[in-house]
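With PDB, C-alpha atoms and all ligand atoms inside, this is input_18.pdb:
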ATOM      1  CA  MET K  21     100.067  87.263 102.105  1.00  0.00           C
ATOM      2  CA  ASP K  22     102.599  88.120 104.816  1.00  0.00           C
ATOM      3  CA  ASN K  23     102.038  90.471 107.735  1.00  0.00           C
ATOM      4  CA  ARG K  24     104.368  93.263 106.551  1.00  0.00           C
ATOM      5  CA  ASN K  25     103.006  96.770 107.026  1.00  0.00           C
ATOM      6  CA  TRP K  26     102.724  97.765 103.379  1.00  0.00           C
ATOM      7  CA  ASP K  27     102.061 101.450 104.086  1.00  0.00           C
ATOM      8  CA  THR K  28     105.325 101.871 105.975  1.00  0.00           C
ATOM      9  CA  PHE K  29     107.110  99.661 103.418  1.00  0.00           C
ATOM     10  CA  LEU K  30     106.458 102.346 100.802  1.00  0.00           C
ATOM     11  CA  ILE K  31     107.871 105.264 102.880  1.00  0.00           C
ATOM     12  CA  PRO K  32     111.479 105.144 101.554  1.00  0.00           C
ATOM     13  CA  TYR K  33     110.182 104.691  97.980  1.00  0.00           C
ATOM     14  CA  GLU K  34     107.927 107.751  98.328  1.00  0.00           C
ATOM     15  CA  GLN K  35     110.838 109.750  99.685  1.00  0.00           C
ATOM     16  CA  ALA K  36     113.138 108.602  96.877  1.00  0.00           C
ATOM     17  CA  VAL K  37     110.604 109.619  94.197  1.00  0.00           C
ATOM     18  CA  GLU K  38     110.202 113.081  95.725  1.00  0.00           C
ATOM     19  CA  GLU K  39     113.975 113.586  96.033  1.00  0.00           C
ATOM     20  CA  LEU K  40     114.716 112.354  92.506  1.00  0.00           C
ATOM     21  CA  LYS K  41     111.973 114.536  91.004  1.00  0.00           C
ATOM     22  CA  ILE K  42     113.464 117.581  92.742  1.00  0.00           C
ATOM     23  CA  LYS K  43     116.966 116.675  91.496  1.00  0.00           C
ATOM     24  CA  PHE K  44     116.008 116.284  87.839  1.00  0.00           C
ATOM     25  CA  LYS K  45     113.679 119.281  87.837  1.00  0.00           C
ATOM     26  CA  GLY K  46     116.599 121.181  89.399  1.00  0.00           C
ATOM     27  CA  ILE K  47     118.844 120.222  86.479  1.00  0.00           C
ATOM     28  CA  ARG K  48     116.280 121.647  84.048  1.00  0.00           C
ATOM     29  CA  LYS K  49     116.040 124.877  86.074  1.00  0.00           C
ATOM     30  CA  GLU K  50     119.828 125.167  86.085  1.00  0.00           C
ATOM     31  CA  PHE K  51     120.017 124.916  82.263  1.00  0.00           C
ATOM     32  CA  LYS K  52     117.277 127.523  81.921  1.00  0.00           C
ATOM     33  CA  LYS K  53     118.976 129.895  84.381  1.00  0.00           C
ATOM     34  CA  ARG K  54     122.185 129.613  82.371  1.00  0.00           C
ATOM     35  CA  GLU K  55     120.080 130.344  79.266  1.00  0.00           C
ATOM     36  CA  GLU K  56     121.146 127.019  77.815  1.00  0.00           C
ATOM     37  CA  TYR K  57     119.060 124.401  76.035  1.00  0.00           C
ATOM     38  CA  SER K  58     117.731 121.832  78.527  1.00  0.00           C
ATOM     39  CA  PRO K  59     117.729 118.176  77.407  1.00  0.00           C
ATOM     40  CA  ILE K  60     115.058 117.644  80.069  1.00  0.00           C
ATOM     41  CA  GLU K  61     111.597 118.829  79.020  1.00  0.00           C
ATOM     42  CA  PHE K  62     109.681 117.633  82.084  1.00  0.00           C
ATOM     43  CA  VAL K  63     109.865 115.098  84.871  1.00  0.00           C
ATOM     44  CA  THR K  64     107.235 112.920  86.515  1.00  0.00           C
ATOM     45  CA  GLY K  65     107.444 110.237  89.148  1.00  0.00           C
ATOM     46  CA  ARG K  66     105.283 107.742  90.946  1.00  0.00           C
ATOM     47  CA  VAL K  67     105.364 104.976  93.522  1.00  0.00           C
ATOM     48  CA  LYS K  68     103.807 101.740  92.292  1.00  0.00           C
ATOM     49  CA  ARG K  69     100.487 100.881  93.902  1.00  0.00           C
ATOM     50  CA  ILE K  70     100.579  97.926  96.313  1.00  0.00           C
ATOM     51  CA  SER K  71      98.123  95.991  94.101  1.00  0.00           C
ATOM     52  CA  SER K  72     100.411  96.530  91.045  1.00  0.00           C
ATOM     53  CA  ILE K  73     103.444  95.440  93.103  1.00  0.00           C
ATOM     54  CA  PHE K  74     101.625  92.209  94.010  1.00  0.00           C
ATOM     55  CA  ASP K  75     100.537  91.646  90.383  1.00  0.00           C
ATOM     56  CA  LYS K  76     104.086  92.142  89.118  1.00  0.00           C
ATOM     57  CA  ALA K  77     105.547  89.919  91.876  1.00  0.00           C
ATOM     58  CA  LYS K  78     103.145  87.182  90.807  1.00  0.00           C
ATOM     59  CA  ARG K  79     104.008  87.646  87.112  1.00  0.00           C
ATOM     60  CA  LEU K  80     107.772  87.603  87.746  1.00  0.00           C
ATOM     61  CA  ASN K  81     107.531  84.846  90.367  1.00  0.00           C
ATOM     62  CA  VAL K  82     109.046  87.044  93.071  1.00  0.00           C
ATOM     63  CA  SER K  83     108.297  86.053  96.685  1.00  0.00           C
ATOM     64  CA  MET K  84     107.030  88.621  99.219  1.00  0.00           C
ATOM     65  CA  GLU K  85     110.394  88.502 101.055  1.00  0.00           C
ATOM     66  CA  GLU K  86     112.286  89.376  97.868  1.00  0.00           C
ATOM     67  CA  ILE K  87     110.013  92.193  96.692  1.00  0.00           C
ATOM     68  CA  ASP K  88     112.506  95.022  97.352  1.00  0.00           C
ATOM     69  CA  THR K  89     115.182  93.373  95.207  1.00  0.00           C
ATOM     70  CA  GLY K  90     112.932  91.522  92.737  1.00  0.00           C
ATOM     71  CA  ILE K  91     110.732  94.463  91.692  1.00  0.00           C
ATOM     72  CA  GLU K  92     113.007  97.213  90.451  1.00  0.00           C
ATOM     73  CA  ASP K  93     110.453  99.892  89.645  1.00  0.00           C
ATOM     74  CA  ILE K  94     108.518 100.351  92.888  1.00  0.00           C
ATOM     75  CA  ALA K  95     109.996 103.869  92.741  1.00  0.00           C
ATOM     76  CA  GLY K  96     109.844 105.232  89.194  1.00  0.00           C
ATOM     77  CA  ILE K  97     110.980 108.490  87.629  1.00  0.00           C
ATOM     78  CA  ARG K  98     110.184 109.466  84.050  1.00  0.00           C
ATOM     79  CA  ILE K  99     112.215 112.084  82.196  1.00  0.00           C
ATOM     80  CA  MET K 100     110.787 113.454  78.966  1.00  0.00           C
ATOM     81  CA  CYS K 101     113.009 114.917  76.248  1.00  0.00           C
ATOM     82  CA  GLN K 102     112.273 116.713  72.978  1.00  0.00           C
ATOM     83  CA  PHE K 103     114.775 114.821  70.838  1.00  0.00           C
ATOM     84  CA  VAL K 104     116.276 111.316  70.797  1.00  0.00           C
ATOM     85  CA  ASP K 105     119.798 112.784  71.238  1.00  0.00           C
ATOM     86  CA  ASP K 106     118.638 114.412  74.471  1.00  0.00           C
ATOM     87  CA  ILE K 107     117.944 110.952  75.921  1.00  0.00           C
ATOM     88  CA  TYR K 108     121.694 110.269  75.748  1.00  0.00           C
ATOM     89  CA  LYS K 109     122.527 113.711  77.149  1.00  0.00           C
ATOM     90  CA  VAL K 110     120.332 112.924  80.159  1.00  0.00           C
ATOM     91  CA  ARG K 111     121.893 109.462  80.384  1.00  0.00           C
ATOM     92  CA  ASP K 112     125.358 111.111  80.504  1.00  0.00           C
ATOM     93  CA  LEU K 113     124.180 113.435  83.276  1.00  0.00           C
ATOM     94  CA  ILE K 114     123.075 110.369  85.246  1.00  0.00           C
ATOM     95  CA  LEU K 115     126.371 108.527  84.536  1.00  0.00           C
ATOM     96  CA  GLN K 116     128.237 111.534  85.953  1.00  0.00           C
ATOM     97  CA  ARG K 117     126.371 111.032  89.237  1.00  0.00           C
ATOM     98  CA  ASP K 118     127.188 107.311  89.397  1.00  0.00           C
ATOM     99  CA  GLN K 119     128.786 106.434  92.758  1.00  0.00           C
ATOM    100  CA  LYS K 120     127.898 109.913  94.043  1.00  0.00           C
ATOM    101  CA  ASP K 121     124.263 110.324  95.054  1.00  0.00           C
ATOM    102  CA  MET K 122     123.117 107.203  93.184  1.00  0.00           C
ATOM    103  CA  THR K 123     124.630 103.987  91.832  1.00  0.00           C
ATOM    104  CA  ILE K 124     123.801 102.585  88.428  1.00  0.00           C
ATOM    105  CA  VAL K 125     122.878  98.911  88.511  1.00  0.00           C
ATOM    106  CA  TYR K 126     122.140  98.346  84.807  1.00  0.00           C
ATOM    107  CA  GLU K 127     120.478  99.850  81.745  1.00  0.00           C
ATOM    108  CA  LYS K 128     117.863  98.664  79.250  1.00  0.00           C
ATOM    109  CA  ASP K 129     118.038 100.154  75.776  1.00  0.00           C
ATOM    110  CA  TYR K 130     114.496  99.956  74.447  1.00  0.00           C
ATOM    111  CA  VAL K 131     115.212 102.963  72.198  1.00  0.00           C
ATOM    112  CA  ASN K 132     117.319 100.979  69.744  1.00  0.00           C
ATOM    113  CA  HIS K 133     115.744  97.650  70.700  1.00  0.00           C
ATOM    114  CA  LYS K 134     112.008  98.278  70.888  1.00  0.00           C
ATOM    115  CA  LYS K 135     109.832  95.864  72.821  1.00  0.00           C
ATOM    116  CA  GLU K 136     107.417  93.587  70.970  1.00  0.00           C
ATOM    117  CA  SER K 137     104.573  95.998  71.780  1.00  0.00           C
ATOM    118  CA  GLY K 138     106.403  98.829  69.984  1.00  0.00           C
ATOM    119  CA  TYR K 139     107.484 100.420  73.283  1.00  0.00           C
ATOM    120  CA  ARG K 140     110.635 102.587  73.197  1.00  0.00           C
ATOM    121  CA  SER K 141     112.424 104.228  76.118  1.00  0.00           C
ATOM    122  CA  HIS K 142     115.806 104.110  77.843  1.00  0.00           C
ATOM    123  CA  HIS K 143     115.681 102.611  81.344  1.00  0.00           C
ATOM    124  CA  ILE K 144     118.311 102.962  84.044  1.00  0.00           C
ATOM    125  CA  ILE K 145     117.986 100.974  87.244  1.00  0.00           C
ATOM    126  CA  ILE K 146     119.715 102.691  90.153  1.00  0.00           C
ATOM    127  CA  LYS K 147     120.402 102.074  93.806  1.00  0.00           C
ATOM    128  CA  TYR K 148     119.415 105.141  95.777  1.00  0.00           C
ATOM    129  CA  PRO K 149     120.124 105.789  99.481  1.00  0.00           C
ATOM    130  CA  VAL K 150     117.259 107.266 101.483  1.00  0.00           C
ATOM    131  CA  GLN K 151     117.671 108.694 104.977  1.00  0.00           C
ATOM    132  CA  THR K 152     114.603 107.726 107.013  1.00  0.00           C
ATOM    133  CA  SER K 153     113.817 108.324 110.677  1.00  0.00           C
ATOM    134  CA  ILE K 154     114.980 104.768 111.405  1.00  0.00           C
ATOM    135  CA  GLY K 155     118.234 104.984 109.461  1.00  0.00           C
ATOM    136  CA  GLN K 156     119.484 104.696 105.897  1.00  0.00           C
ATOM    137  CA  ARG K 157     117.719 102.412 103.398  1.00  0.00           C
ATOM    138  CA  VAL K 158     119.163 101.756  99.966  1.00  0.00           C
ATOM    139  CA  ILE K 159     116.341 101.124  97.518  1.00  0.00           C
ATOM    140  CA  LEU K 160     116.128 100.300  93.822  1.00  0.00           C
ATOM    141  CA  ALA K 161     114.518 102.824  91.477  1.00  0.00           C
ATOM    142  CA  GLU K 162     113.883 102.917  87.742  1.00  0.00           C
ATOM    143  CA  ILE K 163     114.575 106.006  85.656  1.00  0.00           C
ATOM    144  CA  GLN K 164     112.788 105.985  82.279  1.00  0.00           C
ATOM    145  CA  ILE K 165     114.087 108.468  79.713  1.00  0.00           C
ATOM    146  CA  ARG K 166     112.028 108.978  76.537  1.00  0.00           C
ATOM    147  CA  THR K 167     111.027 111.529  73.931  1.00  0.00           C
ATOM    148  CA  LEU K 168     107.657 113.289  73.976  1.00  0.00           C
ATOM    149  CA  ALA K 169     106.558 111.109  71.039  1.00  0.00           C
ATOM    150  CA  MET K 170     107.609 107.892  72.819  1.00  0.00           C
ATOM    151  CA  ASN K 171     105.783 109.108  75.922  1.00  0.00           C
ATOM    152  CA  PHE K 172     102.606 109.893  73.977  1.00  0.00           C
ATOM    153  CA  TRP K 173     102.559 106.378  72.555  1.00  0.00           C
ATOM    154  CA  ALA K 174     103.371 104.666  75.884  1.00  0.00           C
ATOM    155  CA  THR K 175     100.679 106.625  77.724  1.00  0.00           C
ATOM    156  CA  ILE K 176      98.001 105.667  75.197  1.00  0.00           C
ATOM    157  CA  GLU K 177      99.117 102.035  75.094  1.00  0.00           C
ATOM    158  CA  HIS K 178      99.176 101.884  78.909  1.00  0.00           C
ATOM    159  CA  SER K 179      95.555 103.123  79.113  1.00  0.00           C
ATOM    160  CA  LEU K 180      94.426 100.635  76.465  1.00  0.00           C
ATOM    161  CA  ASN K 181      96.149  97.819  78.331  1.00  0.00           C
ATOM    162  CA  TYR K 182      94.315  98.900  81.449  1.00  0.00           C
ATOM    163  CA  LYS K 183      90.988  99.095  79.590  1.00  0.00           C
ATOM    164  CA  TYR K 184      91.417  95.641  78.041  1.00  0.00           C
ATOM    165  CA  ALA K 185      93.038  94.066  81.139  1.00  0.00           C
ATOM    166  CA  GLN K 186      96.331  93.435  79.246  1.00  0.00           C
ATOM    167  CA  ASN K 187      94.394  91.810  76.396  1.00  0.00           C
ATOM    168  CA  ILE K 188      94.237  94.442  73.680  1.00  0.00           C
ATOM    169  CA  PRO K 189      92.315  93.067  70.649  1.00  0.00           C
ATOM    170  CA  PRO K 190      94.592  92.191  67.686  1.00  0.00           C
ATOM    171  CA  ARG K 191      93.182  94.929  65.383  1.00  0.00           C
ATOM    172  CA  ILE K 192      94.020  97.611  67.987  1.00  0.00           C
ATOM    173  CA  ARG K 193      97.429  95.995  68.645  1.00  0.00           C
ATOM    174  CA  GLU K 194      98.180  96.288  64.939  1.00  0.00           C
ATOM    175  CA  ARG K 195      97.172  99.952  64.916  1.00  0.00           C
ATOM    176  CA  LEU K 196      99.324 100.550  67.976  1.00  0.00           C
ATOM    177  CA  ALA K 197     102.308  98.924  66.317  1.00  0.00           C
ATOM    178  CA  LYS K 198     101.814 101.250  63.314  1.00  0.00           C
ATOM    179  CA  ALA K 199     101.429 104.246  65.632  1.00  0.00           C
ATOM    180  CA  ALA K 200     104.690 103.276  67.375  1.00  0.00           C
ATOM    181  CA  GLU K 201     106.457 103.316  64.016  1.00  0.00           C
ATOM    182  CA  ALA K 202     104.890 106.690  63.169  1.00  0.00           C
ATOM    183  CA  ALA K 203     106.112 108.084  66.511  1.00  0.00           C
ATOM    184  CA  TYR K 204     109.592 106.734  65.757  1.00  0.00           C
ATOM    185  CA  GLU K 205     109.541 108.376  62.330  1.00  0.00           C
ATOM    186  CA  LEU K 206     108.398 111.642  63.890  1.00  0.00           C
ATOM    187  CA  ASP K 207     111.407 111.494  66.233  1.00  0.00           C
ATOM    188  CA  GLN K 208     113.718 110.806  63.271  1.00  0.00           C
ATOM    189  CA  GLU K 209     112.249 113.726  61.292  1.00  0.00           C
ATOM    190  CA  MET K 210     112.515 116.087  64.263  1.00  0.00           C
ATOM    191  CA  SER K 211     116.140 115.034  64.800  1.00  0.00           C
ATOM    192  CA  LEU K 212     116.928 116.260  61.295  1.00  0.00           C
ATOM    193  CA  ILE K 213     115.812 119.791  62.188  1.00  0.00           C
ATOM    194  CA  ARG K 214     117.034 119.676  65.802  1.00  0.00           C
ATOM    195  CA  GLU K 215     119.537 122.519  65.512  1.00  0.00           C
ATOM    196  CA  GLU K 216     116.949 124.727  63.801  1.00  0.00           C
ATOM    197  CA  VAL K 217     114.302 124.043  66.474  1.00  0.00           C
ATOM    198  CA  MET K 218     116.789 124.547  69.327  1.00  0.00           C
ATOM    199  CA  GLU K 219     117.900 127.907  67.933  1.00  0.00           C
ATOM    200  CA  ALA K 220     114.295 129.058  67.488  1.00  0.00           C
ATOM    201  CA  GLN K 221     113.407 128.056  71.056  1.00  0.00           C
ATOM    202  CA  GLN K 222     116.498 129.776  72.425  1.00  0.00           C
ATOM    203  CA  GLU K 223     115.595 133.002  70.612  1.00  0.00           C
ATOM    204  CA  PHE K 224     112.003 132.782  71.797  1.00  0.00           C
ATOM    205  CA  GLU K 225     113.048 132.246  75.429  1.00  0.00           C
ATOM    206  CA  THR K 226     115.540 135.108  75.400  1.00  0.00           C
ATOM    207  CA  LYS K 227     112.846 137.384  73.955  1.00  0.00           C
ATOM    208  CA  SER K 228     110.213 136.344  76.489  1.00  0.00           C
ATOM    209  CA  GLN K 229     112.746 136.821  79.306  1.00  0.00           C
ATOM    210  CA  LEU K 230     113.429 140.325  78.020  1.00  0.00           C
ATOM    211  CA  VAL K 231     109.705 141.030  78.038  1.00  0.00           C
ATOM    212  CA  THR K 232     109.211 139.708  81.590  1.00  0.00           C
ATOM    213  CA  ASN K 233     112.219 141.709  82.791  1.00  0.00           C
ATOM    214  CA  ILE K 234     110.826 145.017  81.508  1.00  0.00           C
TER     215      ILE K 234
HETATM  216  P1  LIG N   1     103.625 100.726  85.318  1.00  0.00           P
HETATM  217  O1  LIG N   1     102.136 100.816  85.472  1.00  0.00           O
HETATM  218  O2  LIG N   1     104.164 101.784  84.414  1.00  0.00           O
HETATM  219  O3  LIG N   1     104.333 100.671  86.626  1.00  0.00           O
HETATM  220  P2  LIG N   1     108.994  92.647  81.530  1.00  0.00           P
HETATM  221  O4  LIG N   1     107.615  92.983  82.010  1.00  0.00           O
HETATM  222  O5  LIG N   1     109.532  91.367  82.028  1.00  0.00           O
HETATM  223  O6  LIG N   1     109.141  92.857  80.055  1.00  0.00           O
HETATM  224  P3  LIG N   1     109.909  94.507  83.492  1.00  0.00           P
HETATM  225  O7  LIG N   1     110.695  93.817  84.518  1.00  0.00           O
HETATM  226  O8  LIG N   1     108.526  94.937  83.841  1.00  0.00           O
HETATM  227  O9  LIG N   1     109.958  93.710  82.116  1.00  0.00           O
HETATM  228  O10 LIG N   1     110.767  95.756  83.116  1.00  0.00           O
HETATM  229  P4  LIG N   1     110.627  96.755  81.918  1.00  0.00           P
HETATM  230  O11 LIG N   1     110.438  96.102  80.621  1.00  0.00           O
HETATM  231  O12 LIG N   1     111.810  97.627  82.073  1.00  0.00           O
HETATM  232  O13 LIG N   1     109.284  97.529  82.224  1.00  0.00           O
HETATM  233  C1  LIG N   1     109.173  98.358  83.330  1.00  0.00           C
HETATM  234  C2  LIG N   1     108.252  99.506  83.021  1.00  0.00           C
HETATM  235  O14 LIG N   1     108.525 100.029  81.701  1.00  0.00           O
HETATM  236  C3  LIG N   1     106.788  99.176  82.970  1.00  0.00           C
HETATM  237  O15 LIG N   1     106.270  99.128  84.261  1.00  0.00           O
HETATM  238  C4  LIG N   1     106.242 100.338  82.160  1.00  0.00           C
HETATM  239  O16 LIG N   1     106.228 101.529  82.917  1.00  0.00           O
HETATM  240  C5  LIG N   1     107.300 100.457  81.096  1.00  0.00           C
HETATM  241  N1  LIG N   1     106.994  99.560  79.979  1.00  0.00           N
HETATM  242  C6  LIG N   1     107.671  98.457  79.624  1.00  0.00           C
HETATM  243  N2  LIG N   1     107.124  97.884  78.554  1.00  0.00           N
HETATM  244  C7  LIG N   1     106.067  98.651  78.187  1.00  0.00           C
HETATM  245  C8  LIG N   1     105.089  98.585  77.126  1.00  0.00           C
HETATM  246  O17 LIG N   1     105.090  97.691  76.278  1.00  0.00           O
HETATM  247  N3  LIG N   1     104.154  99.564  77.107  1.00  0.00           N
HETATM  248  C9  LIG N   1     104.108 100.587  78.014  1.00  0.00           C
HETATM  249  N4  LIG N   1     103.162 101.511  77.895  1.00  0.00           N
HETATM  250  N5  LIG N   1     105.017 100.671  79.034  1.00  0.00           N
HETATM  251  C10 LIG N   1     105.967  99.717  79.111  1.00  0.00           C
HETATM  252  P5  LIG N   1     104.947  98.305  84.543  1.00  0.00           P
HETATM  253  O18 LIG N   1     105.094  97.675  85.876  1.00  0.00           O
HETATM  254  O19 LIG N   1     104.644  97.378  83.427  1.00  0.00           O
HETATM  255  O20 LIG N   1     103.808  99.355  84.537  1.00  0.00           O
END
When written as structure tokens, how does the structure in this file appear?
Ligand code: 0O2
Amino acid sequence: MDNRNWDTFLIPYEQAVEELKIKFKGIRKEFKKREEYSPIEFVTGRVKRISSIFDKAKRLNVSMEEIDTGIEDIAGIRIMCQFVDDIYKVRDLILQRDQKDMTIVYEKDYVNHKKESGYRSHHIIIKYPVQTSIGQRVILAEIQIRTLAMNFWATIEHSLNYKYAQNIPPRIRERLAKAAEAAYELDQEMSLIREEVMEAQQEFETKSQLVTNI
């Protein structure tokens, strides 16, 4: 292990996560204020724990000196959407910001190309400038965009992986693969009634705003 101060190493990543969460939550607020449908349902973010950074560095064969370029998701933002189409609406919103407050490095389309586990999500790796007390640092961050169904599956699978130390028994793996397909089908079904659901939600929100404004 090297003698880097790992607590201070994480400072720009923590700042980036906070800033990015505020930005994407702000986009949702803006849609709501305009009384428009928001493709963003909710946003979460986290900085990877030092122990997980070390584990991933080991797995990917990344040296301690290369950690900030070799591990792309030390800062991670997750954007949840109601419908699959919304994922691409959010992606477009991010593309519009390219070269402005963030720079897109590359994308991973696990929505159309699911991982072996059954995992689906759209990932965008960005470069993000952070102003710290000792100057600007440009860090890498990962934005994961997924539906609520994809998120439900990934959250459960993540906990099971943790429980079984990445060695989920085959019978549970099989069930998980089936559950991933069921989640995918749910997304497909919901997409078919998207317009209907959006209209209903819009009506409901307008009504509840009227009530709160009385
Ligand atoms: P955590 O705890 O969320 O931080 P590789 O491992 O080589 O396939 P790499 O470089 O890790 O790929 O990148 P990838 O595939 O984009 O995965 C980055 C993150 O996506 C993961 O971070 C998870 O958050 C999520 N992810 C990817 N695959 C799966 C999966 O099969 N199941 C679940 N639940 N999440 C997944 P970490 O560091 O693995 O975990």
Counting all atoms listed in the file, name the residues that have an atom within 6 Å of an atom of ligand LIG 1 (chain N); the answer should be given as a list in words. Lys68, Ser137, Tyr139, Ala174, Thr175, Glu177 and His178 of chain K
Could the residues in this selection be written to a file with C-alpha atoms, as a CSV table (one decimal), keeping the file's coordinate frame?
chain,number,residue,atom,x,y,z
K,68,LYS,CA,103.8,101.7,92.3
K,137,SER,CA,104.6,96.0,71.8
K,139,TYR,CA,107.5,100.4,73.3
K,174,ALA,CA,103.4,104.7,75.9
K,175,THR,CA,100.7,106.6,77.7
K,177,GLU,CA,99.1,102.0,75.1
K,178,HIS,CA,99.2,101.9,78.9
Determine, using all atoms listed in the file, which residues of stretch 64-183 of chain K have any atom at most 12 Å from an atom of stretch 193-217 of chain K, and tabulate each with its shortest atom pair and distance in Å to one decimal place, rows ordered by chain and then rising number, as JSON lines.
{"residue": "K:Cys101", "atom": "CA", "partner": "K:Asp207", "partner_atom": "CA", "distance": 10.7}
{"residue": "K:Gln102", "atom": "CA", "partner": "K:Asp207", "partner_atom": "CA", "distance": 8.6}
{"residue": "K:Phe103", "atom": "CA", "partner": "K:Ser211", "partner_atom": "CA", "distance": 6.2}
{"residue": "K:Val104", "atom": "CA", "partner": "K:Asp207", "partner_atom": "CA", "distance": 6.7}
{"residue": "K:Asp105", "atom": "CA", "partner": "K:Ser211", "partner_atom": "CA", "distance": 7.7}
{"residue": "K:Asp106", "atom": "CA", "partner": "K:Ser211", "partner_atom": "CA", "distance": 10.0}
{"residue": "K:Ile107", "atom": "CA", "partner": "K:Asp207", "partner_atom": "CA", "distance": 11.7}
{"residue": "K:Val131", "atom": "CA", "partner": "K:Tyr204", "partner_atom": "CA", "distance": 9.3}
{"residue": "K:Asn132", "atom": "CA", "partner": "K:Tyr204", "partner_atom": "CA", "distance": 10.4}
{"residue": "K:Lys134", "atom": "CA", "partner": "K:Ala200", "partner_atom": "CA", "distance": 9.5}
{"residue": "K:Lys135", "atom": "CA", "partner": "K:Ala197", "partner_atom": "CA", "distance": 10.4}
{"residue": "K:Glu136", "atom": "CA", "partner": "K:Ala197", "partner_atom": "CA", "distance": 8.7}
{"residue": "K:Ser137", "atom": "CA", "partner": "K:Ala197", "partner_atom": "CA", "distance": 6.6}
{"residue": "K:Gly138", "atom": "CA", "partner": "K:Ala200", "partner_atom": "CA", "distance": 5.4}
{"residue": "K:Tyr139", "atom": "CA", "partner": "K:Ala200", "partner_atom": "CA", "distance": 7.1}
{"residue": "K:Arg140", "atom": "CA", "partner": "K:Ala200", "partner_atom": "CA", "distance": 8.3}
{"residue": "K:Ser141", "atom": "CA", "partner": "K:Tyr204", "partner_atom": "CA", "distance": 11.0}
{"residue": "K:Arg166", "atom": "CA", "partner": "K:Asp207", "partner_atom": "CA", "distance": 10.6}
{"residue": "K:Thr167", "atom": "CA", "partner": "K:Asp207", "partner_atom": "CA", "distance": 7.7}
{"residue": "K:Leu168", "atom": "CA", "partner": "K:Asp207", "partner_atom": "CA", "distance": 8.8}
{"residue": "K:Ala169", "atom": "CA", "partner": "K:Ala203", "partner_atom": "CA", "distance": 5.5}
{"residue": "K:Met170", "atom": "CA", "partner": "K:Ala203", "partner_atom": "CA", "distance": 6.5}
{"residue": "K:Asn171", "atom": "CA", "partner": "K:Ala203", "partner_atom": "CA", "distance": 9.5}
{"residue": "K:Phe172", "atom": "CA", "partner": "K:Ala203", "partner_atom": "CA", "distance": 8.4}
{"residue": "K:Trp173", "atom": "CA", "partner": "K:Ala200", "partner_atom": "CA", "distance": 6.4}
{"residue": "K:Ala174", "atom": "CA", "partner": "K:Ala200", "partner_atom": "CA", "distance": 8.7}
{"residue": "K:Thr175", "atom": "CA", "partner": "K:Leu196", "partner_atom": "CA", "distance": 11.6}
{"residue": "K:Ile176", "atom": "CA", "partner": "K:Leu196", "partner_atom": "CA", "distance": 8.9}
{"residue": "K:Glu177", "atom": "CA", "partner": "K:Leu196", "partner_atom": "CA", "distance": 7.3}
{"residue": "K:His178", "atom": "CA", "partner": "K:Leu196", "partner_atom": "CA", "distance": 11.0}
{"residue": "K:Leu180", "atom": "CA", "partner": "K:Arg193", "partner_atom": "CA", "distance": 9.6}
{"residue": "K:Asn181", "atom": "CA", "partner": "K:Arg193", "partner_atom": "CA", "distance": 9.9}
Excluding K:Ser153 and any residue of its chain fewer than 2 positions from it, enumerate the residues within 12 Å of it, using all atoms listed in the file, and give them as a PDB file with C-alpha atoms, keeping the file's coordinate frame.
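Result saved to out-v9.pdb:
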ATOM      1  CA  THR K  28     105.325 101.871 105.975  1.00  0.00           C
ATOM      2  CA  ILE K  31     107.871 105.264 102.880  1.00  0.00           C
ATOM      3  CA  PRO K  32     111.479 105.144 101.554  1.00  0.00           C
ATOM      4  CA  GLN K  35     110.838 109.750  99.685  1.00  0.00           C
ATOM      5  CA  VAL K 150     117.259 107.266 101.483  1.00  0.00           C
ATOM      6  CA  GLN K 151     117.671 108.694 104.977  1.00  0.00           C
ATOM      7  CA  GLY K 155     118.234 104.984 109.461  1.00  0.00           C
ATOM      8  CA  GLN K 156     119.484 104.696 105.897  1.00  0.00           C
ATOM      9  CA  ARG K 157     117.719 102.412 103.398  1.00  0.00           C
TER      10      ARG K 157
END
Atom CA of K:Ile94 to atom CA of K:Tyr130, distance in Å rounded to a single decimal: 19.4 Å
Interatomic distance (Å, one decimal) between atom CA of K:Leu160 and atom CA of K:Gln119: 14.1 Å
Residue among K:Glu92, K:Thr123, K:Tyr184, K:Val63 lying closest to K:Ala77, counting only C-alpha atoms: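 Nearest to K:Ala77: K:Glu92.
Computed from the coordinates, the atom CA of K:Gly96 to atom CA of K:Arg66 distance equals 5.5 Å.
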I need the residue set behind the PyMOL selection byres (((chain K and resi 85) around 12) and not hetatm) for this file; please write it as a PDB file with C-alpha atoms, in the frame of the given file.
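Dumped everything to selection.pdb:
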ATOM      1  CA  MET K  21     100.067  87.263 102.105  1.00  0.00           C
ATOM      2  CA  ASP K  22     102.599  88.120 104.816  1.00  0.00           C
ATOM      3  CA  ASN K  23     102.038  90.471 107.735  1.00  0.00           C
ATOM      4  CA  ARG K  24     104.368  93.263 106.551  1.00  0.00           C
ATOM      5  CA  PHE K  29     107.110  99.661 103.418  1.00  0.00           C
ATOM      6  CA  PHE K  74     101.625  92.209  94.010  1.00  0.00           C
ATOM      7  CA  ALA K  77     105.547  89.919  91.876  1.00  0.00           C
ATOM      8  CA  ASN K  81     107.531  84.846  90.367  1.00  0.00           C
ATOM      9  CA  VAL K  82     109.046  87.044  93.071  1.00  0.00           C
ATOM     10  CA  SER K  83     108.297  86.053  96.685  1.00  0.00           C
ATOM     11  CA  MET K  84     107.030  88.621  99.219  1.00  0.00           C
ATOM     12  CA  GLU K  86     112.286  89.376  97.868  1.00  0.00           C
ATOM     13  CA  ILE K  87     110.013  92.193  96.692  1.00  0.00           C
ATOM     14  CA  ASP K  88     112.506  95.022  97.352  1.00  0.00           C
ATOM     15  CA  THR K  89     115.182  93.373  95.207  1.00  0.00           C
ATOM     16  CA  GLY K  90     112.932  91.522  92.737  1.00  0.00           C
ATOM     17  CA  ILE K  91     110.732  94.463  91.692  1.00  0.00           C
TER      18      ILE K  91
END
Can you sort out the box for stretch 65-71 of chain K, edges along x, y and z, all listed atoms in, 8 Å on every side, with centre and edge lengths in Å to one decimal, as AutoDock Vina command-line options?
--center_x 102.8 --center_y 103.1 --center_z 92.7 --size_x 25.3 --size_y 30.2 --size_z 23.2
